[in-house]
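*Asks:* The structure under discussion is supplied below as structure tokens; questions concerning it will follow.
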Amino acid sequence: MAERPDLTVDLGRGLRLRSPVMAASGTFGYGFDAPQVDRAALGAIVSKGTTLRPREGNAPVRIAETPSGMLNAIGLQNPGVEHVAHVYAPEWMTWDLPVIVNVAGDSVEEYVAVARRLDGVAGIAGLELNISCPNVQRGLQFGVDPRLAAEVTHAVRVTTQLPLVVKLTPNVTDIVAVARAVEDAGADAVSAINTYAGMAIDVQRRRPVLSRGSGGLSGPAIKPLALHAVWQLAAQVRIPVIGIGGIMTPGDALEFLLAGAAAVQLGTVNYVRPQAAREVHDGIAGYLREHGLTDLRALPIRSVSVLTHA
Amino acid sequence: MAERPDLTVDLGRGLRLRSPVMAASGTFGYGFDAPQVDRAALGAIVSKGTTLRPREGNAPVRIAETPSGMLNAIGLQNPGVEHVAHVYAPEWMTWDLPVIVNVAGDSVEEYVAVARRLDGVAGIAGLELNISCPNVQRGLQFGVDPRLAAEVTHAVRVTTQLPLVVKLTPNVTDIVAVARAVEDAGADAVSAINTYAGMAIDVQRRRPVLSRGSGGLSGPAIKPLALHAVWQLAAQVRIPVIGIGGIMTPGDALEFLLAGAAAVQLGTVNYVRPQAAREVHDGIAGYLREHGLTDLRALPIRSVSVLTHA
Amino acid sequence: MSVALEQGLKSPSPSGGGQGGGPVVVERSVPMTGAVELVVYHPPSAAALDPGQFFQVAVSAPHSVLRRPYSAAWSDAASGRIGFIFNVVGAGSAWLSVRHEGHELDLLGPLGRGFDLEGERPVICVAGGLGVAVFPGVVKALLARGRKVTVLQGARTAAQLLPAARFAGAEVKTATDDGRQGHHGSVVDLLASLPPPLRGRVGEGGVDVVACGPTPMLKALIDTARRREIPLSDIQMALETPMGCGIGTCLGCAAPRAGGGYLLTCQDGPCLRADRIDWDRMTDAFHG
Amino acid sequence: MSVALEQGLKSPSPSGGGQGGGPVVVERSVPMTGAVELVVYHPPSAAALDPGQFFQVAVSAPHSVLRRPYSAAWSDAASGRIGFIFNVVGAGSAWLSVRHEGHELDLLGPLGRGFDLEGERPVICVAGGLGVAVFPGVVKALLARGRKVTVLQGARTAAQLLPAARFAGAEVKTATDDGRQGHHGSVVDLLASLPPPLRGRVGEGGVDVVACGPTPMLKALIDTARRREIPLSDIQMALETPMGCGIGTCLGCAAPRAGGGYLLTCQDGPCLRADRIDWDRMTDAFHG
Ligand SMILES: Cc1cc2nc3c(=O)[nH]c(=O)nc-3n(C[C@H](O)[C@H](O)[C@H](O)COP(=O)(O)OP(=O)(O)OC[C@H]3O[C@@H](n4cnc5c(N)ncnc54)[C@H](O)[C@@H]3O)c2cc1C
Ligand SMILES: Cc1cc2nc3c(=O)[nH]c(=O)nc-3n(C[C@H](O)[C@H](O)[C@H](O)COP(=O)(O)OP(=O)(O)OC[C@H]3O[C@@H](n4cnc5c(N)ncnc54)[C@H](O)[C@@H]3O)c2cc1C
Ligand SMILES: Cc1cc2nc3c(=O)[nH]c(=O)nc-3n(C[C@H](O)[C@H](O)[C@H](O)COP(=O)(O)O)c2cc1C
Ligand SMILES: Cc1cc2nc3c(=O)[nH]c(=O)nc-3n(C[C@H](O)[C@H](O)[C@H](O)COP(=O)(O)O)c2cc1C
Ligand code: FES
Ligand code: FES
């Protein structure tokens with residue numbers, strides 16, 4: 001097969017990506033840094049979590065390395081939605097790469113206000129609702145409760161025409177229940193997962209390493225956990241699932257795609273191997289060719305026939 | 001301080017350990033293998049999960065390595081409680097090292113039957129209720145629901161005089177709620193945590209690596225997650241918390257003790273570094289000496305004053 | 001350092017890990033294309049080893065946590081040396097492949113059961129791919145017992161064959177997938193193509209077979225044996241399954257037992273008579 | 001290989017990673033007790049570097065995932081070489097410390113802002129512990145600008161001092177915790193003990209201070225400067241905070257900004273004028 005396989009992805013509501021490889025929120029800023037990353041390999045960029053007003057973020061120490069992973073408690077440092085809409089979006093408009101804004105907030109009203117400000121702004125390709133950031137006070141509340149998750153999703157859904165991805169937290173007993181709730185509330189896709197609640201203690205100084213005590217774990221360490229979540233979700237929700245968690249290599253990304261993900265996001269790896277996006281893109285293309293497949297829809301190894309969702 | 005610090009631990013109901021270092025269930029068999037491990041460094045051994053009848057376990061492949069971790073889906077292969085009571089317990093009676101039997105089952109009745117068979121058997125120092133094994137069908141059910149967890153704990157509590165540890169699963173939204181429920185139902189201690197639900201996919205063969213699809217993640221990868229769970233638990237339950245998850249070094253064990261654990265269990269590391277138990281024991285003793293502390297009770301870095309439990 | 005306080009404990013010993021006196025690499029070479037041979041100096045291990053036993057080797061590779069099992073290729077009690085032959089498959093073997101003279105290794109073992117090499121009959125050694133790694137020591141031990149040995153070695157290409165000189169005193173026949181050296185085809189086909197009794201015959205005058213290679217090769221060998229009426233109890237093989245501990249505590253290395261249930265490759269094996277395995281339930285954990 | 005399709009992108013470049021033409025270690029030595037110096041050949045990086053900038057170095061250490069930031073100790077555009085000086089603290093530096101001639105390194109950089117070395121006044125370089133690593137290149141660049149340079153170097157013991165020969169052309173004074181060489185005490189005490197103007201004086205005729213060392217040392221220097229009326233804007237320092245990315249995307253390297261909020265050490269620094277930092281909120285991420 002010398003043919004070039006079709007790597008496009010349809011995330012719904014007109015959000016079509018040229019590549020299933022996306023940059024995960026908080027690991028690519030607003031797309032202006034990390035020039036080493038080959039943007040031609042990317043299908044979309046997801047921005048840093050953006051709130052209604054600018055936020056300073058948490059006091060240092062904000063990050064710590066753990067075995068095959070890292071903890072972060074950045075605290076949603078961001079310039080606020082106004083700056084994003086006013087300064088960044090016009091730049092993005094000139095790019096040939098869709099930018100999805102990751103939206104965070106402490107209340108339904110804040111999510112809605114951010115979504116309203118971004119609705120109809122040229123240069124913004126979609127929203128990813130971060131209902132899972134574990135770092136800000138009460139940040140977990142929406143993501144762990146199907147009812148609240150549905151409420152905020154619905155409120156944003158009726159506010160904006162933009163494609164709407166809801167990003168799930170893995171720190172729950174039943175991630176599928178939350179996913180189904182946000183699907184019913186109008187999400188176009190879910191992304192899974194955000195970081196796992198974790199901590200590290202500085203034994204010599206006898207206190208938590210991170211100033212906030214705990215943080216979110218990302219990186220290769222969480223890959224098997226994230227993959228399990230995506231495997232469950234892909235079988236039990238109808239909307240596309242975007243797989244996230246510990247992807248470092250083309251093989252890792254393929255695990256997620258085989259598990260049923262429609263696309264993947266690269267997070268921590270962007271800090272470490274700027275060439276990863278290109279490698280993953282090319283590795284997926286090569287795999288499709290080797291296996292005689294023409295597009296990504298042929299990848300999932302389990303049909304969605306186990307879908308019991310009414 | 002040339003004095004030898006006091007490393008003893010009281011887990012309640014007369015279960016006193018000479019060392020806070022225990023061998024975790026499923027990583028030390030029934031205590032007859034792993035001669036490389038220096039038993040003088042251990043406070044107790046927890047046996048492989050034991051069920052009412054012998055179990056063959058799952059078909060291979062049962063284990064897989066992941067970044068800084070391993071997945072297992074052993075499926076509770078064990079010789080059944082009768083063999084344990086009849087053949088192993090008499091051997092254990094001759095040891096100077098307490099053996100705690102890890103008890104597993106598919107129903108309240110099975111847990112109760114196992115506990116009844118072991119009650120009063122010489123050589124058995126206590127029970128650890130595995131309400132968290134994610135590998136056997138319906139294995140998750142007790143551990144994720146505070147009500148069911150309390151029910152099985154209570155049923156076993158009234159069946160046996162043995163010290164009763166309940167081992168918690170981390171695959172829940174609110175581990176503290178489950179811990180409080182089993183505390184109220186009569187558990188003498190909780191151990192946290194069992195493995196995290198995870199999976200790996202064989203990209204070349206396009207199927208899950210483990211024959212059961214998913215398995216439980218253990219090893220250094222999960223340490224930050226386990227530590228976070230223990231940190232929360234230690235502040236919010238009154239009974240001792242035994243910390244488990246990814247401990248490889250004395251420093252790792254100290255993180256758990258500083259987070260408020262009364263003792264720790266070593267799991268995966270037993271496969272890799274048989275000298276770990278000795279190193280951890282000596283490392284803890286050395287740390288106490290260096291910091292001028294005389295016993296383990298001085299270690300937790302946060303008082304339990306945040307205890308909001310009524 | 002590690003004292004066993006209880007009775008009934010077996011006694012493989014951990015060694016190395018930088019405390020001095022531990023196993024140390026004294027030679028590194030490339031015995032055939034793609035493979036590396038490390039010679040390790042550690043007299044206690046060299047003296048204790050039965051051919052077919054393995055060691056759990058600690059590897060400090062990125063993101064890895066478990067030890068890796070490696071059969072000893074050979075050992076020599078007199079010189080205190082043990083050889084390991086392996087190719088680079090993943091993180092662990094990659095790390096191991098860049099060990100050099102003077103590097104210490106952390107070995108746990110020898111572990112498991114080796115081959116039963118006693119007997120009078122001729123022996124055919126069937127080696128597929130890297131399975132050949134275990135045979136230098138096996139052949140030496142068989143020859144030392146005065147037995148007639150034929151080595152059948154298969155590889156993808158001629159360059160991937162361990163040189164016949166490593167089996168001095170034995171007859172060596174080869175098979176390659178590309179047909180450039182020896183039989184064109186698999187080593188099991190080669191066995192089937194031999195004249196009797198080498199290719200198998202029931203009862204007296206028969207041969208013992210000792211085999212090591214990828215699971216698909218072992219399964220092909222079983223099929224051939226059944227067709228050729230070689231009793232499975234006359235065939236011993238070294239199994240390869242994933243291993244967690246190597247010492248019987250993790251129950252991760254299960255292999256289906258004839259008659260039901262599972263054997264532990266690390267304790268009941270890795271060297272087993274073929275009739276103890278339920279070949280219908282036997283799966284290949286590794287691709288390729 | 002990696003093409004920036006959009007505008008407004010800065011351009012540090014990733015390099016190495018085994019594709020050939022990447023940075024390669026050409027020399028390894030021990031410049032002082034406990035430290036290792038690696039000389040790396042990579043002409044593009046050597047030419048691009050400003051003194052005080054750093055590289056994100058990929059390490060393949062067990063269980064590690066993040067790159068490690070290392071300041072270039074010096075660079076030489078003519079020979080295409082860059083030097084790194086570090087001691088073994090944990091997994092990453094341990095891995096790096098066993099790199100040898102011929103090993104490739106995967107470097108990202110040069111990154112961040114170096115020191116502003118323009119000016120006429122004399123310069124005092126204050127180096128605490130491994131903070132000295134950045135000064136060979138800084139001193140060389142200052143001398144090349146015709147400036148008078150005094151290096152104050154502090155270490156725990158005399159053996160941990162970088163030899164004064166590495167600062168040829170500058171005056172070198174030392175301080176050791178054990179008092180065996182130079183001033184007995186900290187390098188900041190040494191500064192305070194100097195005659196004016198070296199120890200500070202407001203306004204014209206003053207000095208510029210360039211400092212690098214552990215955060216507690218920097219804080220002590222700030223205290224001293226305040227007492228001695230050295231304007232904080234006359235002091236530049238290289239900060240050390242934990243870093244995730246080194247390029248401004250993770251927001252992990254925050255340092256408290258004077259006036260509120262945070263600076264990013266990797267983008268706004270690591271070399272900053274001391275008045276830009278809110279020293280009351282500045283914490284030490286690393287234990288002593
Ligand atoms: C008892 C026993 C003895 C062994 N003796 C030898 C020996 O003498 N020489 C030798 O080279 N190897 C031997 N092996 C295999 C060895 O233990 C490792 O599995 C192998 O070196 C790969 O390890 P790795 O860390 O490099 O790869 P990993 O990172 O563990 O795996 C990389 C990839 O290779 C696959 N893989 C893993 N193990 C194998 C395998 N055994 N065969 C094929 N694919 C595999 C994995 O599925 C994975 O996709 C033995 C195994 C056992 C159980
Ligand atoms: C801009 C910048 C430039 C740097 N330049 C140099 C340099 O030129 N030479 C050099 O030796 N180091 C330098 N460092 C520090 C270096 O990046 C690493 O932090 C250090 O080598 C330890 O890494 P590790 O992987 O060995 O230890 P880790 O495994 O990361 O940490 C091991 C232990 O050491 C502690 N630790 C981590 N980093 C430091 C630190 N910087 N100081 C003290 N303790 C620490 C950790 O808290 C942990 O307890 C620089 C750091 C920054 C931010
Ligand atoms: C430093 C850091 C900051 C992050 N910030 C955000 C954020 O603002 N919003 C969000 O939804 N996820 C955020 N994430 C989570 C990532 O987008 C991703 O879900 C997670 O890191 C798991 O993927 P990985 O293992 O590939 O990094 C952040 C992650 C890191 C490491
Ligand atoms: C192979 C394997 C088998 C296990 N079997 C059991 C078991 O039978 N019962 C149980 O409660 N926990 C079992 N566990 C969980 C461990 O006791 C421990 O909780 C977990 O591995 C986390 O600790 P670690 O990271 O130190 O390994 C098993 C773990 C492994 C790796
Ligand atoms: S490898 Fe652990 S029981 Fe065999
Ligand atoms: S290190 Fe990531 S923003 Fe500075």
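Order determines the names: the first chain of the structure tokens is A, the second B, and so forth; residues in each chain are numbered 1 upward, and ligands are numbered 1 upward as they are shown.
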Residues at most 12 Å from ligand 6, using only C-alpha atoms and all ligand atoms? Could they come as a compact mmCIF listing (two decimals) with C-alpha atoms, in the first residue's frame?

*Replies:*
```
# COMPACT_ATOMS: atom_id res chain seq x y z
CA GLY A 26 -1.64 23.10 29.82
CA THR A 27 1.20 21.55 27.91
CA PHE A 28 1.27 23.85 24.92
CA GLY A 29 0.38 27.23 26.37
CA ASP A 33 5.67 28.68 22.51
CA ALA A 34 7.24 25.31 21.74
CA LYS A 48 -4.25 26.33 28.68
CA PRO A 60 5.63 27.62 43.97
CA VAL A 61 6.51 24.74 44.28
CA ARG A 62 4.13 23.85 41.45
CA ILE A 63 5.62 20.71 39.94
CA ALA A 64 7.47 17.60 41.05
CA ASN A 72 1.45 19.63 38.90
CA ILE A 74 -0.28 25.20 38.54
CA GLN A 77 -2.51 30.62 35.86
CA THR A 268 3.64 15.81 29.33
CA ASN A 270 5.55 17.91 24.83
CA TYR A 271 7.87 19.06 27.61
CA VAL A 272 10.29 16.26 26.98
CA PHE D 54 20.64 26.90 29.93
CA PHE D 55 19.78 23.72 28.10
CA GLN D 56 17.12 21.16 28.84
CA LEU D 66 11.44 15.17 32.64
CA ARG D 67 14.50 16.78 31.11
CA ARG D 68 16.92 18.47 33.48
CA PRO D 69 17.97 22.11 33.11
CA LEU D 111 16.98 28.55 26.49
CA GLY D 112 15.99 31.50 28.66
CA ARG D 113 17.74 34.79 29.16
CA LEU D 239 17.54 31.49 39.65
CA GLU D 240 17.03 27.79 40.12
CA THR D 241 13.48 26.49 40.33
CA PRO D 242 12.06 23.13 39.36
CA MET D 243 11.32 23.11 35.65
CA GLY D 244 8.94 21.06 33.60
CA CYS D 245 9.41 22.28 30.06
CA GLY D 246 12.01 25.03 30.01
CA ILE D 247 10.09 26.85 27.27
CA GLY D 248 7.16 28.56 28.95
CA THR D 249 4.38 26.05 28.39
CA CYS D 250 4.03 24.25 31.74
CA LEU D 251 4.04 27.29 34.07
CA GLY D 252 5.85 25.11 36.58
CA CYS D 253 8.87 27.34 37.16
CA ALA D 254 7.07 30.27 38.74
CA ALA D 255 9.05 32.68 40.89
CA TYR D 262 4.80 35.30 39.10
CA LEU D 263 7.67 35.33 36.67
CA LEU D 264 8.65 32.25 34.71
CA THR D 265 12.22 31.31 35.50
CA CYS D 266 12.63 29.62 32.12
CA GLN D 267 11.41 32.55 30.03
CA ASP D 268 11.89 35.69 32.12
CA GLY D 269 15.05 34.17 33.59
CA PRO D 270 16.96 32.27 34.69
```

*Asks:* As a quick test: using only C-alpha atoms and all ligand atoms, which residues lie no more than 7 Å away from ligand 4? Give them as a PyMOL selection string.

*Replies:* (chain B and resi 24-27+48-49+70-72+74+76+102+130+132-133+167+193-195+218-220+222-223+244-247+265-269) or (chain C and resi 250-252)

*Asks:* Pick out the residues no farther than 7 Å from ligand 2, counting only C-alpha atoms and all ligand atoms, and list them as an MDAnalysis selection string.

*Replies:* chainID D and resid 54 68:73 84:94 130:131 133:134 214 239:243 266 270 285:288

*Asks:* Write out, as a tab-separated table (two decimals), in the first residue's frame, the residues just selected, with N, CA, C and O atoms.

*Replies:*
```tsv
chain	number	residue	atom	x	y	z
D	54	PHE	N	20.59	28.31	29.55
D	54	PHE	CA	20.64	26.90	29.93
D	54	PHE	C	20.11	26.01	28.81
D	54	PHE	O	19.54	26.49	27.83
D	68	ARG	N	16.32	17.72	32.39
D	68	ARG	CA	16.92	18.47	33.48
D	68	ARG	C	17.58	19.72	32.92
D	68	ARG	O	18.31	19.65	31.92
D	69	PRO	N	17.32	20.88	33.55
D	69	PRO	CA	17.97	22.11	33.11
D	69	PRO	C	19.41	22.20	33.60
D	69	PRO	O	19.67	21.97	34.79
D	70	TYR	N	20.33	22.51	32.72
D	70	TYR	CA	21.71	22.78	33.11
D	70	TYR	C	22.20	24.02	32.41
D	70	TYR	O	22.08	24.14	31.18
D	71	SER	N	22.76	24.94	33.20
D	71	SER	CA	23.40	26.11	32.62
D	71	SER	C	24.65	25.65	31.87
D	71	SER	O	25.32	24.72	32.30
D	72	ALA	N	24.94	26.33	30.80
D	72	ALA	CA	26.24	26.09	30.18
D	72	ALA	C	27.29	26.75	31.07
D	72	ALA	O	27.12	27.89	31.51
D	73	ALA	N	28.37	26.03	31.39
D	73	ALA	CA	29.45	26.60	32.18
D	73	ALA	C	30.26	27.56	31.32
D	73	ALA	O	30.75	28.58	31.79
D	84	PHE	N	29.54	21.75	30.57
D	84	PHE	CA	28.54	21.66	31.64
D	84	PHE	C	29.22	21.15	32.89
D	84	PHE	O	29.98	20.18	32.84
D	85	ILE	N	28.97	21.80	34.02
D	85	ILE	CA	29.54	21.36	35.28
D	85	ILE	C	28.40	21.07	36.25
D	85	ILE	O	27.50	21.90	36.42
D	86	PHE	N	28.42	19.90	36.83
D	86	PHE	CA	27.32	19.53	37.73
D	86	PHE	C	27.82	18.51	38.75
D	86	PHE	O	28.86	17.87	38.55
D	87	ASN	N	27.08	18.39	39.82
D	87	ASN	CA	27.40	17.29	40.74
D	87	ASN	C	26.25	16.30	40.78
D	87	ASN	O	25.17	16.56	40.26
D	88	VAL	N	26.50	15.14	41.36
D	88	VAL	CA	25.49	14.08	41.35
D	88	VAL	C	24.55	14.27	42.54
D	88	VAL	O	24.95	14.15	43.69
D	89	VAL	N	23.33	14.63	42.21
D	89	VAL	CA	22.32	14.91	43.23
D	89	VAL	C	21.28	13.79	43.26
D	89	VAL	O	20.90	13.28	44.30
D	90	GLY	N	20.81	13.41	42.11
D	90	GLY	CA	19.76	12.40	42.02
D	90	GLY	C	19.90	11.61	40.73
D	90	GLY	O	20.98	11.52	40.15
D	91	ALA	N	18.77	11.08	40.27
D	91	ALA	CA	18.77	10.15	39.15
D	91	ALA	C	19.33	10.78	37.86
D	91	ALA	O	20.13	10.16	37.15
D	92	GLY	N	18.89	11.99	37.58
D	92	GLY	CA	19.27	12.60	36.31
D	92	GLY	C	20.75	12.91	36.24
D	92	GLY	O	21.43	12.56	35.27
D	93	SER	N	21.27	13.55	37.27
D	93	SER	CA	22.69	13.89	37.25
D	93	SER	C	23.55	12.63	37.36
D	93	SER	O	24.67	12.60	36.83
D	94	ALA	N	23.03	11.59	38.03
D	94	ALA	CA	23.79	10.33	38.10
D	94	ALA	C	23.94	9.74	36.70
D	94	ALA	O	25.01	9.29	36.30
D	130	LEU	N	27.53	24.77	43.73
D	130	LEU	CA	27.55	24.45	42.31
D	130	LEU	C	27.15	25.64	41.44
D	130	LEU	O	27.22	25.57	40.22
D	131	GLY	N	26.71	26.72	42.07
D	131	GLY	CA	26.38	27.94	41.34
D	131	GLY	C	27.57	28.43	40.54
D	131	GLY	O	27.43	29.16	39.55
D	133	ALA	N	29.10	26.89	38.55
D	133	ALA	CA	29.09	26.24	37.24
D	133	ALA	C	28.88	27.23	36.10
D	133	ALA	O	29.37	27.03	35.00
D	134	VAL	N	28.15	28.30	36.37
D	134	VAL	CA	27.82	29.21	35.28
D	134	VAL	C	28.92	30.23	35.01
D	134	VAL	O	28.92	30.92	33.98
D	214	PRO	N	22.61	28.48	45.60
D	214	PRO	CA	21.35	28.02	46.19
D	214	PRO	C	20.49	29.20	46.62
D	214	PRO	O	21.01	30.27	46.98
D	239	LEU	N	18.43	32.22	38.74
D	239	LEU	CA	17.54	31.49	39.65
D	239	LEU	C	17.55	30.00	39.33
D	239	LEU	O	17.75	29.59	38.19
D	240	GLU	N	17.28	29.21	40.35
D	240	GLU	CA	17.03	27.79	40.12
D	240	GLU	C	15.68	27.43	40.71
D	240	GLU	O	15.46	27.56	41.91
D	241	THR	N	14.76	27.02	39.87
D	241	THR	CA	13.48	26.49	40.33
D	241	THR	C	13.29	25.15	39.63
D	241	THR	O	13.96	24.87	38.64
D	242	PRO	N	12.38	24.33	40.14
D	242	PRO	CA	12.06	23.13	39.36
D	242	PRO	C	11.55	23.58	38.00
D	242	PRO	O	10.93	24.64	37.89
D	243	MET	N	11.83	22.78	36.99
D	243	MET	CA	11.32	23.11	35.65
D	243	MET	C	10.68	21.89	35.02
D	243	MET	O	11.18	20.78	35.14
D	266	CYS	N	12.07	30.11	33.39
D	266	CYS	CA	12.63	29.62	32.12
D	266	CYS	C	12.54	30.66	31.01
D	266	CYS	O	13.32	30.62	30.07
D	270	PRO	N	16.66	32.38	33.25
D	270	PRO	CA	16.96	32.27	34.69
D	270	PRO	C	17.71	33.48	35.23
D	270	PRO	O	17.74	33.68	36.43
D	285	ALA	N	12.98	25.55	46.63
D	285	ALA	CA	12.32	24.30	46.26
D	285	ALA	C	13.14	23.08	46.63
D	285	ALA	O	12.62	21.97	46.71
D	286	PHE	N	14.40	23.28	46.83
D	286	PHE	CA	15.28	22.13	47.06
D	286	PHE	C	15.82	22.17	48.48
D	286	PHE	O	16.15	23.23	48.98
D	287	HIS	N	15.94	21.02	49.08
D	287	HIS	CA	16.48	21.06	50.43
D	287	HIS	C	17.97	21.29	50.37
D	287	HIS	O	18.65	20.85	49.46
D	288	GLY	N	18.42	21.94	51.39
D	288	GLY	CA	19.75	22.38	51.63
D	288	GLY	C	20.82	21.62	50.99
D	288	GLY	O	21.90	21.55	51.03
```

*Asks:* Write down as a ChimeraX atom specification the residues of segment 20-161 of chain B whose backbone DSSP state falls under strand (DSSP E or B).

*Replies:* /B:21-23,44-46,50,55,63-66,69-72,78,99-103,126-130

*Asks:* Just want the 10 Å neighbourhood of segment 99-101 of chain D, counted on only C-alpha atoms, with same-chain residues fewer than 2 positions away dropped. Output as a ChimeraX atom specification.

*Replies:* /D:24-29,36,38-40,94-97,103-105

*Asks:* For a quick test of understanding: name the residues of chain C lying within 12 Å of chain A when counting only C-alpha atoms, and present them as a list of chain:residue names.

*Replies:*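 Contact residues on the first chain: C:Ala61, C:Pro62, C:His63, C:Ser64, C:Val65.
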
*Asks:* Which residues in segment 24-184 of chain C does DSSP call helix (DSSP H, G or I)? List them as a VMD selection string.

*Replies:* chain C and resid 43 to 48 91 to 97 129 to 144 158 to 160 164 to 167

*Asks:* With distances taken over only C-alpha atoms, which of B:Ala262, B:Met93, B:Leu233, B:Ile201 is nearest to chain A?

*Replies:*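 Once distances to chain A are computed over only C-alpha atoms, the minimum belongs to B:Ile201.
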